[in-house]
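A.B. asks: Input: one structure, supplied below.
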Amino acid sequence: MKRSPAETDRKGLLASFAAHPNAWLFSTIGVVFLLLGTGSVFAGMAIGAPSASGAVTPAATTAAPRATPSGISTATPLRTCSVTGQATSTALGSFSGTVINTTTGEVLFDRNGSTGVATASVMKLLTSATALTDLGPDYTFKTTVYAGTTPGSIVLVGGGDPTLSAAPAGGSVYKGAPLLSDLADQVNKAMGNQAITSVVLDANMWNPADNWDPSVPVSERTGGYEPLITALMVDGDRANPAAQDSPRSTDPVGNAGAAFIQALGLPANTPVSDGTAISGSQQLGQVASQPISTLIGQMLPVSDNTLAEMMARVSSKVSGRDGSSGSLTPTYASALTGYGLDTTGLVIKDGSGESNLDAVAPALVAKLMALVLANPAGKNLDLIYNALPVAGKTGTLASRFSGPNAVARGAVNAKTGSIATAYALAGIVHTADGSALSFAFFAEGKLNASSAMTALDTLTTAVFNCGNNLSNN
């Protein structure tokens with residue numbers, strides 16, 4: 001049967017489609033897109049604004065800006081060395097701590113590091129930093145004698161110097177201590193032929209009654225670790241001036257007066273009273289302590305509480321406050337903020353750390369120690385670093401880091417701390433891989449002292465072994 005031309009063309013098209021389906025499909029898609037594009041142009045012309053001649057001008061279109069990808073974060077190393085086992089030792093009780101890479105500032109390890117805890121004697125690191133800010137490295141504590149208001153009377157004024165010594169030269173626990181006998185010689189010479197008839201004792205640099213925080217056990221005084229904190233005393237009020245730990249009295253000001261009368265060569269029954277020097281009175285004599293730069297070196301290695309308390313009170317007074325225990329928190333906060341440290345939640349009850357109500361964040365201490373190692377210009381923080389005990393070698397760390405922990409001997413420069421409810425260790429670890437890490441570790445609770453200190457050594461040694469590979473996991 002003969003097909004019509006139309007049928008022949010339709011059959012040919014079907015056969016062609018059957019033989020080349022993909023080609024037909026893509027051709028069809030192309031046509032569709034061509035038509036759509038043409039439609040878009042006409043649509044654009046339709047919505048365009050008319051020109052002055054009345055012709056329609058296509059509206060200009062602006063493509064939406066392409067999203068800019070955010071910066072690629074810097075890669076951080078995958079650290080794999082964990083000290084979690086050491087940090088969770090039951091010997092550490094309620095533990096908190098922070099470790100920082102002193103070169104990069106990166107926090108490598110943190111357990112409750114932003115929460116304030118009792119510091120024990122690690123407080124003396126903050127006390128030193130505060131004294132260097134408020135007093136400066138060259139400041140000396142001065143004890144001065146002025147003429148009194150009646151003929152023959154003299155006034156002995158305490159300037160917060162606990163090192164003033166009634167012992168013979170070289171008999172004090174404080175090397176280079178000023179001598180009460182030298183002060184007496186100056187006064188006798190200044191008085192000439194006029195007899196000394198009475199002695200007035202001025203311990204009013206701060207309120208003499210504000211001399212002990214009730215949160216500090218009295219046993220710290222009777223056991224020989226800390227005196228009542230008065231601006232006038234001799235030999236840190238020690239019964240034995242040559243002993244670091246020696247029982248202290250209940251009347252350091254009165255003891256200083258009695259010792260001065262003896263040094264002056266006066267009768268023991270010479271009238272003594274409490275009072276205040278009159279401004280503008282004639283100065284009859286003065287002696288000064290070693291500078292703060294030296295006293296920090298005498299305080300930190302043996303953890304001398306008396307020096308710490310005096311630095312704290314005098315820092316308050318010199319910085320414009322009243323020298324009271326209540327003024328210590330703002331005094332320390334101001335000084336530490338000056339170092340760029342966050343003092344949120346800071347509570348300072350005393351300068352030595354004997355109070356269990358002190359509250360200092362481990363992160364603050366670790367960051368302070370990073371600054372101590374860096375020793376920024378003009379801050380004199382190297383005085384703190386140079387005075388730190390060294391593991392297994394000096395100061396309060398001389399007998400620590402034994403047995404398996406001996407590997408870290410000589411590599412840890414740190415301040416120890418120990419009170420009835422808190423044990424601490426904070427400083428710098430020069431690690432096995434050459435990194436320098438600052439750290440602050442605190443163990444809180446009624447713990448076995450020996451076990452707690454060993455556990456702190458073990459944790460610090462683990463940090464020494466990990467170095468910059470220390471993981472926070």
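How things are named: the first chain in the structure tokens is A, the next is B, and so on; residues count from 1 in each chain; ligands count from 1 in the order shown.
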Mind listing the strand (DSSP E) residues of stretch 417-448 of chain A, per DSSP on the backbone, as a PDB file with C-alpha atoms, in the first residue's frame?

C.D. replies:
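part32.pdb, written as the output of this step:
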```pdb
ATOM      1  CA  GLY A 417      51.137  25.262  99.653  1.00  0.00           C
ATOM      2  CA  SER A 418      49.782  23.388 102.626  1.00  0.00           C
ATOM      3  CA  ILE A 419      47.030  24.133 105.151  1.00  0.00           C
ATOM      4  CA  ALA A 422      44.140  22.565 101.005  1.00  0.00           C
ATOM      5  CA  TYR A 423      47.356  21.495  99.296  1.00  0.00           C
ATOM      6  CA  ALA A 424      48.774  23.219  96.256  1.00  0.00           C
ATOM      7  CA  LEU A 425      51.609  23.440  93.779  1.00  0.00           C
ATOM      8  CA  ALA A 426      52.006  26.127  91.113  1.00  0.00           C
ATOM      9  CA  GLY A 427      54.807  27.299  88.871  1.00  0.00           C
ATOM     10  CA  ILE A 428      56.664  26.321  85.703  1.00  0.00           C
ATOM     11  CA  VAL A 429      57.421  22.868  84.265  1.00  0.00           C
ATOM     12  CA  HIS A 430      60.322  22.666  81.813  1.00  0.00           C
ATOM     13  CA  ALA A 436      57.709  25.480  79.131  1.00  0.00           C
ATOM     14  CA  LEU A 437      54.284  25.031  80.721  1.00  0.00           C
ATOM     15  CA  SER A 438      52.837  27.114  83.551  1.00  0.00           C
ATOM     16  CA  PHE A 439      50.523  25.291  85.921  1.00  0.00           C
ATOM     17  CA  ALA A 440      48.458  25.662  89.080  1.00  0.00           C
ATOM     18  CA  PHE A 441      47.149  22.568  90.889  1.00  0.00           C
ATOM     19  CA  PHE A 442      44.935  22.594  93.980  1.00  0.00           C
ATOM     20  CA  ALA A 443      43.691  19.722  96.136  1.00  0.00           C
ATOM     21  CA  GLU A 444      40.899  20.640  98.535  1.00  0.00           C
TER      22      GLU A 444
END
```

A.B. asks: Using only C-alpha atoms, which residues sit within 10 Å of A:Met311 once same-chain residues fewer than 6 positions away are excluded, as a PyMOL selection string?

C.D. replies: chain A and resi 124+127-128+130-132+134-135+141+160-162+292+295-296+305+317+351-352

A.B. asks: Mind writing the picked residues with C-alpha atoms as a compact mmCIF listing (two decimals), in the first residue's frame?

C.D. replies:
```txt
# COMPACT_ATOMS: atom_id res chain seq x y z
CA LYS A 124 52.55 34.25 98.19
CA THR A 127 51.44 38.72 97.24
CA SER A 128 54.83 39.09 95.56
CA THR A 130 51.13 42.82 94.22
CA ALA A 131 54.10 44.11 96.24
CA LEU A 132 56.16 44.58 93.07
CA ASP A 134 52.41 48.75 94.72
CA LEU A 135 55.76 48.98 96.49
CA PHE A 141 60.18 48.81 105.49
CA GLY A 160 55.56 47.06 108.98
CA ASP A 161 59.09 45.62 109.20
CA PRO A 162 59.02 42.10 110.62
CA ILE A 292 61.44 44.04 98.49
CA LEU A 295 62.71 39.98 100.81
CA ILE A 296 60.87 38.10 98.04
CA ASN A 305 54.17 33.82 106.33
CA LYS A 317 48.57 51.26 102.74
CA GLY A 351 48.77 37.66 102.43
CA SER A 352 50.14 34.25 103.33
```

A.B. asks: Please give the complete set of residues from stretch 210-372 of chain A that DSSP, run on the backbone, assigns to alpha helix (DSSP H), formatted as a ChimeraX atom specification.

C.D. replies: /A:219-222,252-264,292-299,305-318,328-337,362-372

A.B. asks: So what do you get for atom CA of A:Thr329 versus atom CA of A:Val347, distance-wise?

C.D. replies: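 Between atom CA of A:Thr329 and atom CA of A:Val347 the gap works out to 5.5 Å.
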
A.B. asks: Any idea what's packed within 6 Å of stretch 297-304 of chain A, counting only C-alpha atoms, ignoring anything in its chain fewer than 6 positions away? Could you give it as a list of chain:residue names?

C.D. replies: A:Ala387, A:Leu388, A:Pro389, A:Gly395, A:Thr396

A.B. asks: Those residues with N, CA and C atoms, as a tab-separated table (two decimals), in the first residue's frame please?

C.D. replies:
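Once everything was written out, this is result07.tsv:
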```
chain	number	residue	atom	x	y	z
A	387	ALA	N	63.26	33.13	92.75
A	387	ALA	CA	63.13	32.74	94.15
A	387	ALA	C	62.34	31.45	94.35
A	388	LEU	N	61.77	30.90	93.26
A	388	LEU	CA	60.94	29.70	93.39
A	388	LEU	C	61.77	28.48	93.80
A	389	PRO	N	61.23	27.66	94.68
A	389	PRO	CA	61.88	26.38	94.98
A	389	PRO	C	61.99	25.53	93.71
A	395	GLY	N	64.68	24.87	98.68
A	395	GLY	CA	63.50	25.36	99.38
A	395	GLY	C	62.56	24.26	99.82
A	396	THR	N	61.27	24.57	99.78
A	396	THR	CA	60.26	23.63	100.24
A	396	THR	C	60.07	22.45	99.29
```

A.B. asks: A:Ile261, A:Met205, A:Ala166, A:Gln283: which is nearest A:Pro241, counting only C-alpha atoms?

C.D. replies: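 For A:Pro241, the nearest of the given residues is A:Ala166.
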
A.B. asks: Please compute the atom CA of A:Asn204-atom CA of A:Thr143 distance, one decimal, in Å.

C.D. replies: 12.4 Å

A.B. asks: Can you measure atom CA of A:Ile348 to atom CA of A:Ala177 for me? One decimal in Å is fine.

C.D. replies: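 Value for the atom CA of A:Ile348-atom CA of A:Ala177 distance: 28.3 Å.
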
A.B. asks: Excluding A:Asn473 and any residue of its chain fewer than 4 positions from it, enumerate the residues within 12 Å of it, using only C-alpha atoms, and give them as a list in words.

C.D. replies: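 Near A:Asn473, the qualifying residues are Leu78, Arg79, Thr80, Cys81, Ser82, Val83, Thr84, Gly85, Ala87, Leu108, Phe109, Asp110, Arg111 and Asn469 of chain A.
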
A.B. asks: Could you write out the selected residues, including C-alpha atoms, as a CSV table (one decimal), in the first residue's frame?

C.D. replies:
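File produced: again_13.csv:
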```csv
chain,number,residue,atom,x,y,z
A,78,LEU,CA,46.0,16.3,67.9
A,79,ARG,CA,47.3,15.8,71.4
A,80,THR,CA,47.2,12.3,72.8
A,81,CYS,CA,49.0,12.3,76.2
A,82,SER,CA,46.5,12.2,79.0
A,83,VAL,CA,47.0,12.9,82.8
A,84,THR,CA,43.4,12.2,83.7
A,85,GLY,CA,44.4,9.2,85.8
A,87,ALA,CA,44.4,14.2,88.2
A,108,LEU,CA,46.4,22.5,77.4
A,109,PHE,CA,44.6,21.2,80.5
A,110,ASP,CA,41.8,22.6,82.6
A,111,ARG,CA,39.7,21.2,85.5
A,469,ASN,CA,51.4,16.7,73.7
```

A.B. asks: For A:Gly320, please output as a list in words all residues within 10 Å (counting only C-alpha atoms; exclusion window: fewer than 4 positions along the same chain).

C.D. replies: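 These residues fall inside the cut-off: Asp134, Val314, Ser315, Ser316 and Thr331 of chain A.
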
A.B. asks: Residues of the last selection are to be written out with C-alpha atoms, as a short mmCIF file (atom, residue, chain, number, x, y, z; two decimals), in the first residue's frame.

C.D. replies:
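Saved result, selection_16.cif, follows:
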```cif
data_model
loop_
_atom_site.label_atom_id
_atom_site.label_comp_id
_atom_site.auth_asym_id
_atom_site.auth_seq_id
_atom_site.Cartn_x
_atom_site.Cartn_y
_atom_site.Cartn_z
CA ASP A 134 52.41 48.75 94.72
CA VAL A 314 51.87 47.69 103.48
CA SER A 315 50.90 47.26 99.81
CA SER A 316 47.36 48.23 100.82
CA THR A 331 44.44 45.86 96.65
#
```

A.B. asks: Have a look at A:Ser450, A:Thr222, A:Thr150, A:Thr344 and name the one nearest to A:Ala195; count only C-alpha atoms.

C.D. replies: A:Thr150

A.B. asks: Give me the residues near A:Arg409 as number ranges by chain, where near means some atom within 8 Å (using only C-alpha atoms) and where sequence neighbours in that chain fewer than 2 positions away do not count.

C.D. replies: A: 390-393, 401, 405-407, 411-412

A.B. asks: Between A:Gln282, A:Ala91, A:Gly105, A:Thr133, which residue has the minimum interatomic distance to A:Ala333, considering only C-alpha atoms?

C.D. replies: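 Of A:Gln282, A:Ala91, A:Gly105, A:Thr133, the one nearest A:Ala333, counting only C-alpha atoms, is A:Thr133.
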
A.B. asks: Using only C-alpha atoms, which residue out of A:Thr140, A:Asp182, A:Leu264, A:Ala370 lies closest to A:Asp382?

C.D. replies: A:Ala370

A.B. asks: Smallest atom-to-atom distance to A:Asn112: which of A:Pro362, A:Leu371, A:Ala408, A:Gly257, using only C-alpha atoms?

C.D. replies: A:Pro362
